[in-house]
Each structure stands twice: as C-alpha cells, then as structure tokens.
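Visitor: My structure is below; once you've seen it, I'll send some questions.
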Protein chains: 2
Amino acid sequence: MKLSSRSRYGFRAILELAVEYGNGPLQIKTIAKREDISNKYLEQLIAMLKASGLVRSIRGPKGGYELTRPPSDVKLSEVFITLEGPVVAVECLEHPEYCPRCTECVTRDVWAKMQSAIMGVLESMTLQNLVDKTKQGQAENYQI
Amino acid sequence: MKLSSRSRYGFRAILELAVEYGNGPLQIKTIAKREDISNKYLEQLIAMLKASGLVRSIRGPKGGYELTRPPSDVKLSEVFITLEGPVVAVECLEHPEYCPRCTECVTRDVWAKMQSAIMGVLESMTLQNLVDKTKQGQAENYQI
DNA sequence: AAGGTAAGCTACCAAAATGATAGGAATTTA
DNA sequence: TAAATTCCTATCATTTTGGTAGCTTACCTT
C-alpha cells in the first residue's frame, strides 16, 4: 500500500498555498518551480483541489490560486480524500449487503479499524499545523 | 487509497487456514470454494503467503496448505505486508536523502504518523483474534 | 480595443499495477 | 503407474498512474 505521487505532490502544493495564505494568489508555475513538479501535471492536481472547493482560482494576469478557507480551518483529511479518494475503501464497509460470508465480516472489522486509525491522524491535523512546523523548521535553520 | 483484492482475498484465505489450524492441510480448491475466489488466482496469493514463510505446503494427493505457526503467533501486520507490501511506502521515509525540500519534510511527518497508526492496528491483532471472533459469530448464529 | 498572461479543458499516451486465466511440470500418495 | 495436488511461468485485458500537449476562455494592463 503505497502513497501515490498525486497525494505527495498535492499535499506539497496545497501547503505552499497555505504558507502563502493572505498574501494574494500563487501561480501554478511558481509552485511547480518551488516544488519541482511538472507544470502541467500540477495543473491537474490543483484542478482536483479546486473541484473539491478547497482552493479558488483567479484567472488572467496576476492570477493564480489561493485557499478558500484559512489553513487552520482545513483538516488534512479533506485534502487527503480529495486527492486519494475514500480512505481504505472496501465496498463492504459502506455496503454490508456485499458481505454474505462470515469470515469476510471478521476481516471487515480489521479494515474498519485501519480506516479509523488513519482518519484519526488526518482529522487531528490542519494545514495550519503544517505551516507552523514549516516556519518553525525554517527558523531553526536561521539560528544555525 | 483503496485496498486491493489481493489483500481482501488473501486475508480471507489465511483466515481459513487459521480456523483450520491443527486439523491437517487445507486444499486450494476447498478455500476457493468456501471463499468464492478463482482457484488459479488464489493459488498465486497463497504462493505469496508461502514465499513469506507464513504458510507451508504439502504436495500430492491429500496435500494442501497449513500455517507454519499457531494463529496466536501471527500478527496481522505480517500478513498485510506480505500481501500489500510496505505500509504507506514513501521513499523519503526510508531514504531521507530523497527529501531536500523543507515543506516536503513536513508532509513526511504526516505520512510517518499515518504509517504508525496503521501499523499500530495491525500489530495489535493476531490471526487468533480473528479466529475467535469468527467462532464467536458462528456461536451467536446458532443461538438464534 | 489589443495583447499578453494565466487558468481551464480535453485528449492523448506510455508504463506499471491489478486481477485474473491457462497449461504444463513436479511431487507425492495409493 | 495413475491420480491428485502443488508449482511455475506465460499471457492478457483492464485500470490506474504519471505525465505531455494544445487549444480555449477569462481577465488585466496599457
């Protein structure tokens, strides 16, 4: 079970937007350059973030993207689900009618536990937490 | 992030072996029929379990497969990793040298937390736990 | 009004992973 | 020796992933 680069890139991109929140829109090419991601690929990832409403766009010159809500208001679970889809999707978790077998239902409990463990982590953190850590890390670098 | 049918089928298969532990080998076709999985596909999944040492085979007539260790001795994490590969594999978790960017390192913490949350669940349960639940469920059905 | 700048949309594509299917070889029991 | 069973390898269709390309639309500046 590995993380797709969609999530890895997407998280880095939205974190750039979070760090820059309040300073006006950030352009794709800026993010792409900072994070070393293909311009056009990033465009598609950000389109996902926009479609889910996490991000808003401004077209034309001086345009770009910005968060629609303050970073402290965006849980990582929202970002994750936008990019990666439902966490540990097992059909029988949502549609138990697909689960006639007894043994299967036992494994189902395992997947349910896994799911809530993951969601626990992602629900407990916001973009602001990541911004803080980022700035803290940079400050430490200054001291050295 | 969805679970592959490899894991779903594989877990159900090894759980059959766990339930039957001590009663002699169980054949592929038996498991396949019970769990309604393609014979040939299941063969490959069990091959993975065998390759990892969780399961042993007996060839020829009256042959089949059995757990190499008692179910109480098999953590679900072992089964999962065998079938699904390393949990939440992000290269930079094992090889931090791939992680030059500062923002990336912050997201890295998120993946690390996710990983240990998942492992926490899978390390805390054994096949025996699932066997117990299965039998418990069956007993309840008898009462009705 | 015009030109340039950026987002938006859609199609396309290559490579890898997934979920199988198939057939024959090797081994063991009876 | 014959039958049963695992073992091994190849093949294959479909989906996902990761990415490229090109044209369209909106908007700001001059």
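We label chains A, B, ... in the order they appear in the structure tokens, count residues from 1 in each chain, and number ligands from 1 in the order shown.
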Fit chain B to chain A, using all C-alpha atoms paired in sequence order for the least-squares superposition, and then show me the result as a tab-separated table (two decimals) with C-alpha atoms, in the first residue's frame.
Guide:
```tsv
chain	number	residue	atom	x	y	z
B	1	MET	CA	0.03	0.02	0.02
B	2	LYS	CA	1.94	2.98	-1.22
B	3	LEU	CA	1.02	6.60	-1.46
B	4	SER	CA	0.49	7.92	-4.96
B	5	SER	CA	2.55	10.85	-6.14
B	6	ARG	CA	-0.78	12.58	-6.56
B	7	SER	CA	-1.03	12.82	-2.80
B	8	ARG	CA	2.59	13.63	-2.22
B	9	TYR	CA	2.67	16.39	-4.81
B	10	GLY	CA	-0.81	17.59	-3.98
B	11	PHE	CA	-0.02	17.97	-0.31
B	12	ARG	CA	3.13	19.88	-1.04
B	13	ALA	CA	1.24	22.15	-3.40
B	14	ILE	CA	-1.59	22.96	-1.03
B	15	LEU	CA	0.93	23.50	1.73
B	16	GLU	CA	2.57	26.17	-0.43
B	17	LEU	CA	-0.81	27.82	-0.72
B	18	ALA	CA	-1.30	27.54	3.01
B	19	VAL	CA	2.05	29.12	3.78
B	20	GLU	CA	1.21	31.97	1.43
B	21	TYR	CA	-2.35	32.37	2.67
B	22	GLY	CA	-3.30	36.05	2.88
B	23	ASN	CA	-0.55	37.22	0.53
B	24	GLY	CA	-2.58	37.03	-2.66
B	25	PRO	CA	-2.76	34.27	-5.24
B	26	LEU	CA	0.07	31.95	-6.04
B	27	GLN	CA	0.61	30.82	-9.60
B	28	ILE	CA	1.00	27.29	-10.81
B	29	LYS	CA	4.37	27.91	-12.30
B	30	THR	CA	5.61	29.34	-9.02
B	31	ILE	CA	4.51	26.30	-7.07
B	32	ALA	CA	5.78	23.98	-9.77
B	33	LYS	CA	9.20	25.58	-9.66
B	34	ARG	CA	9.39	25.66	-5.88
B	35	GLU	CA	8.30	22.08	-5.50
B	36	ASP	CA	9.93	20.80	-8.66
B	37	ILE	CA	6.77	19.32	-10.13
B	38	SER	CA	5.78	19.31	-13.79
B	39	ASN	CA	3.76	22.42	-14.57
B	40	LYS	CA	1.08	20.58	-16.45
B	41	TYR	CA	0.74	17.74	-14.03
B	42	LEU	CA	0.44	20.10	-11.12
B	43	GLU	CA	-2.27	21.92	-13.02
B	44	GLN	CA	-4.40	18.80	-12.88
B	45	LEU	CA	-3.76	18.19	-9.22
B	46	ILE	CA	-4.76	21.73	-8.35
B	47	ALA	CA	-7.84	21.27	-10.49
B	48	MET	CA	-8.84	18.49	-8.12
B	49	LEU	CA	-8.30	20.73	-5.13
B	50	LYS	CA	-10.35	23.41	-6.82
B	51	ALA	CA	-13.14	21.00	-7.74
B	52	SER	CA	-13.43	19.99	-4.10
B	53	GLY	CA	-13.71	23.63	-3.05
B	54	LEU	CA	-10.53	23.75	-1.02
B	55	VAL	CA	-8.91	26.15	-3.42
B	56	ARG	CA	-10.13	29.07	-5.50
B	57	SER	CA	-8.65	30.41	-8.72
B	58	ILE	CA	-8.15	33.85	-10.17
B	59	ARG	CA	-7.76	33.88	-13.92
B	60	GLY	CA	-5.79	36.15	-16.16
B	61	PRO	CA	-2.54	37.97	-15.51
B	62	LYS	CA	-1.69	38.33	-11.83
B	63	GLY	CA	-3.99	35.39	-11.33
B	64	GLY	CA	-3.31	32.19	-9.51
B	65	TYR	CA	-4.72	30.11	-6.71
B	66	GLU	CA	-5.46	30.59	-3.06
B	67	LEU	CA	-7.09	28.66	-0.25
B	68	THR	CA	-10.78	29.35	0.15
B	69	ARG	CA	-10.56	28.95	3.92
B	70	PRO	CA	-7.86	29.79	6.44
B	71	PRO	CA	-5.35	26.96	6.87
B	72	SER	CA	-6.47	26.44	10.45
B	73	ASP	CA	-9.85	25.51	9.04
B	74	VAL	CA	-8.68	22.82	6.65
B	75	LYS	CA	-8.27	19.35	8.06
B	76	LEU	CA	-5.74	17.12	6.35
B	77	SER	CA	-8.43	14.52	5.92
B	78	GLU	CA	-10.20	16.80	3.48
B	79	VAL	CA	-7.09	17.21	1.40
B	80	PHE	CA	-6.31	13.53	1.50
B	81	ILE	CA	-9.75	12.39	0.47
B	82	THR	CA	-9.80	14.93	-2.33
B	83	LEU	CA	-6.58	13.62	-3.78
B	84	GLU	CA	-6.67	9.97	-2.88
B	85	GLY	CA	-10.33	9.11	-2.67
B	86	PRO	CA	-12.06	7.48	0.28
B	87	VAL	CA	-9.67	6.07	2.84
B	88	VAL	CA	-9.23	2.26	2.71
B	89	ALA	CA	-12.23	1.81	0.50
B	90	VAL	CA	-13.65	-1.63	1.00
B	91	GLU	CA	-17.05	-1.90	-0.58
B	92	CYS	CA	-18.44	-3.93	2.28
B	93	LEU	CA	-17.71	-1.11	4.72
B	94	GLU	CA	-20.29	1.08	3.03
B	95	HIS	CA	-22.46	-1.63	1.55
B	96	PRO	CA	-22.63	-4.49	4.04
B	97	GLU	CA	-25.00	-6.32	1.72
B	98	TYR	CA	-21.91	-7.28	-0.32
B	99	CYS	CA	-20.71	-9.23	2.67
B	100	PRO	CA	-22.53	-12.57	2.85
B	101	ARG	CA	-19.61	-14.52	4.26
B	102	CYS	CA	-18.92	-14.74	7.95
B	103	THR	CA	-15.16	-14.84	7.75
B	104	GLU	CA	-15.27	-11.83	5.50
B	105	CYS	CA	-17.11	-9.90	8.13
B	106	VAL	CA	-14.28	-10.55	10.55
B	107	THR	CA	-11.69	-9.15	8.18
B	108	ARG	CA	-14.08	-6.30	7.64
B	109	ASP	CA	-13.54	-5.29	11.25
B	110	VAL	CA	-9.84	-5.08	10.56
B	111	TRP	CA	-10.37	-2.73	7.63
B	112	ALA	CA	-12.72	-0.66	9.72
B	113	LYS	CA	-10.14	-0.29	12.46
B	114	MET	CA	-7.48	0.63	9.95
B	115	GLN	CA	-9.73	3.19	8.42
B	116	SER	CA	-10.49	4.92	11.66
B	117	ALA	CA	-6.86	4.86	12.70
B	118	ILE	CA	-5.89	6.67	9.51
B	119	MET	CA	-8.77	9.10	9.75
B	120	GLY	CA	-7.83	9.77	13.34
B	121	VAL	CA	-4.45	11.06	12.25
B	122	LEU	CA	-5.76	13.09	9.35
B	123	GLU	CA	-8.67	14.57	11.28
B	124	SER	CA	-6.42	15.69	14.09
B	125	MET	CA	-4.24	17.92	11.94
B	126	THR	CA	-4.88	21.04	9.92
B	127	LEU	CA	-2.89	22.80	7.25
B	128	GLN	CA	-2.05	25.41	9.87
B	129	ASN	CA	-0.24	22.77	11.88
B	130	LEU	CA	1.94	22.06	8.86
B	131	VAL	CA	2.50	25.73	8.22
B	132	ASP	CA	3.63	26.18	11.80
B	133	LYS	CA	6.01	23.28	11.57
B	134	THR	CA	7.38	24.56	8.29
B	135	LYS	CA	8.05	28.02	9.67
B	136	GLN	CA	9.47	26.56	12.84
B	137	GLY	CA	11.85	24.44	10.77
B	138	GLN	CA	12.92	27.47	8.79
B	139	ALA	CA	13.51	29.47	11.95
B	140	GLU	CA	15.73	26.72	13.28
B	141	ASN	CA	17.72	26.82	10.10
B	142	TYR	CA	18.30	30.53	10.56
B	143	GLN	CA	19.75	29.99	14.01
B	144	ILE	CA	22.38	27.58	12.76
```
Visitor: Report as a Markdown table the residues of chain D within 8 Å of chain B, each with its shortest atom pair and distance in Å (one decimal), using only C-alpha atoms (C1' of nucleotides), ordered by chain and increasing residue number.
Guide:
```
| residue | atom | partner | partner_atom | distance |
| --- | --- | --- | --- | --- |
| D:DA3 | C1' | B:Pro61 | CA | 7.9 |
| D:DA4 | C1' | B:Pro61 | CA | 4.4 |
| D:DT5 | C1' | B:Gly60 | CA | 4.5 |
| D:DT6 | C1' | B:Arg59 | CA | 5.1 |
```
Visitor: Write the selection just made, keeping N, CA, C and O atoms (P, O5', C5', C4', C3', O3' and C1' of nucleotides), as a PDB file, in the first residue's frame?
Guide:
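Saved as out04.pdb:
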```
ATOM      1  P    DA D   3      -5.977 -42.290 -13.892  1.00  0.00           P
ATOM      2  O5'  DA D   3      -6.425 -41.455 -12.622  1.00  0.00           O
ATOM      3  C5'  DA D   3      -6.572 -42.112 -11.366  1.00  0.00           C
ATOM      4  C4'  DA D   3      -6.233 -41.156 -10.247  1.00  0.00           C
ATOM      5  C3'  DA D   3      -6.752 -39.734 -10.472  1.00  0.00           C
ATOM      6  O3'  DA D   3      -7.429 -39.336  -9.296  1.00  0.00           O
ATOM      7  C1'  DA D   3      -4.463 -39.691  -9.908  1.00  0.00           C
ATOM      8  P    DA D   4      -8.272 -38.000  -9.256  1.00  0.00           P
ATOM      9  O5'  DA D   4      -7.473 -37.164  -8.161  1.00  0.00           O
ATOM     10  C5'  DA D   4      -7.073 -37.795  -6.951  1.00  0.00           C
ATOM     11  C4'  DA D   4      -6.071 -36.912  -6.240  1.00  0.00           C
ATOM     12  C3'  DA D   4      -6.456 -35.435  -6.200  1.00  0.00           C
ATOM     13  O3'  DA D   4      -6.215 -34.957  -4.893  1.00  0.00           O
ATOM     14  C1'  DA D   4      -4.292 -35.674  -7.119  1.00  0.00           C
ATOM     15  P    DT D   5      -7.058 -33.783  -4.306  1.00  0.00           P
ATOM     16  O5'  DT D   5      -6.010 -32.601  -4.392  1.00  0.00           O
ATOM     17  C5'  DT D   5      -4.891 -32.629  -3.515  1.00  0.00           C
ATOM     18  C4'  DT D   5      -3.688 -31.981  -4.140  1.00  0.00           C
ATOM     19  C3'  DT D   5      -3.806 -30.516  -4.517  1.00  0.00           C
ATOM     20  O3'  DT D   5      -3.430 -29.698  -3.424  1.00  0.00           O
ATOM     21  C1'  DT D   5      -2.309 -31.767  -5.902  1.00  0.00           C
ATOM     22  P    DT D   6      -3.460 -28.094  -3.561  1.00  0.00           P
ATOM     23  O5'  DT D   6      -1.914 -27.738  -3.718  1.00  0.00           O
ATOM     24  C5'  DT D   6      -0.970 -28.222  -2.761  1.00  0.00           C
ATOM     25  C4'  DT D   6       0.425 -28.238  -3.380  1.00  0.00           C
ATOM     26  C3'  DT D   6       1.037 -26.857  -3.620  1.00  0.00           C
ATOM     27  O3'  DT D   6       2.418 -26.917  -3.265  1.00  0.00           O
ATOM     28  C1'  DT D   6       1.032 -28.070  -5.636  1.00  0.00           C
TER      29       DT D   6
END
```
Visitor: Please give the complete set of residues from region 43-77 of chain B that DSSP, run on the backbone, assigns to helix (DSSP H, G or I), formatted as a list in words.
Guide: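 DSSP-assigned helix (DSSP H, G or I) residues in region 43-77 of chain B: Glu43, Gln44, Leu45, Ile46, Ala47, Met48, Leu49, Lys50, Ala51, Pro71, Ser72, Asp73, Leu76 and Ser77 of chain B.
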Visitor: Could you please write out, as a tab-separated table (two decimals) with N, CA and C atoms, in the first residue's frame, every residue of region 6-139 of chain A that DSSP assigns to strand (DSSP E or B)?
Guide:
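Output (part-v8.tsv):
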```
chain	number	residue	atom	x	y	z
A	26	LEU	N	-1.18	32.53	-5.70
A	26	LEU	CA	0.09	31.91	-6.06
A	26	LEU	C	-0.13	31.20	-7.38
A	55	VAL	N	-9.73	25.12	-2.81
A	55	VAL	CA	-8.90	26.14	-3.42
A	55	VAL	C	-9.74	26.93	-4.42
A	56	ARG	N	-9.39	28.19	-4.56
A	56	ARG	CA	-10.12	29.05	-5.50
A	56	ARG	C	-9.11	29.59	-6.51
A	57	SER	N	-9.58	29.90	-7.72
A	57	SER	CA	-8.65	30.39	-8.74
A	57	SER	C	-8.98	31.82	-9.14
A	58	ILE	N	-7.97	32.55	-9.54
A	58	ILE	CA	-8.15	33.86	-10.15
A	58	ILE	C	-7.49	33.81	-11.52
A	64	GLY	N	-3.91	33.26	-10.27
A	64	GLY	CA	-3.29	32.17	-9.51
A	64	GLY	C	-4.32	31.46	-8.66
A	65	TYR	N	-3.82	30.85	-7.60
A	65	TYR	CA	-4.71	30.09	-6.72
A	65	TYR	C	-4.51	30.51	-5.29
A	66	GLU	N	-5.57	30.36	-4.50
A	66	GLU	CA	-5.45	30.57	-3.06
A	66	GLU	C	-6.43	29.68	-2.33
A	67	LEU	N	-6.14	29.44	-1.08
A	67	LEU	CA	-7.06	28.66	-0.26
A	67	LEU	C	-8.38	29.42	-0.11
A	75	LYS	N	-8.82	20.60	7.52
A	75	LYS	CA	-8.27	19.37	8.07
A	75	LYS	C	-7.56	18.58	6.97
A	89	ALA	N	-10.90	2.16	1.03
A	89	ALA	CA	-12.22	1.83	0.51
A	89	ALA	C	-12.36	0.31	0.38
A	126	THR	N	-4.43	20.10	10.93
A	126	THR	CA	-4.88	21.06	9.93
A	126	THR	C	-3.68	21.55	9.13
```
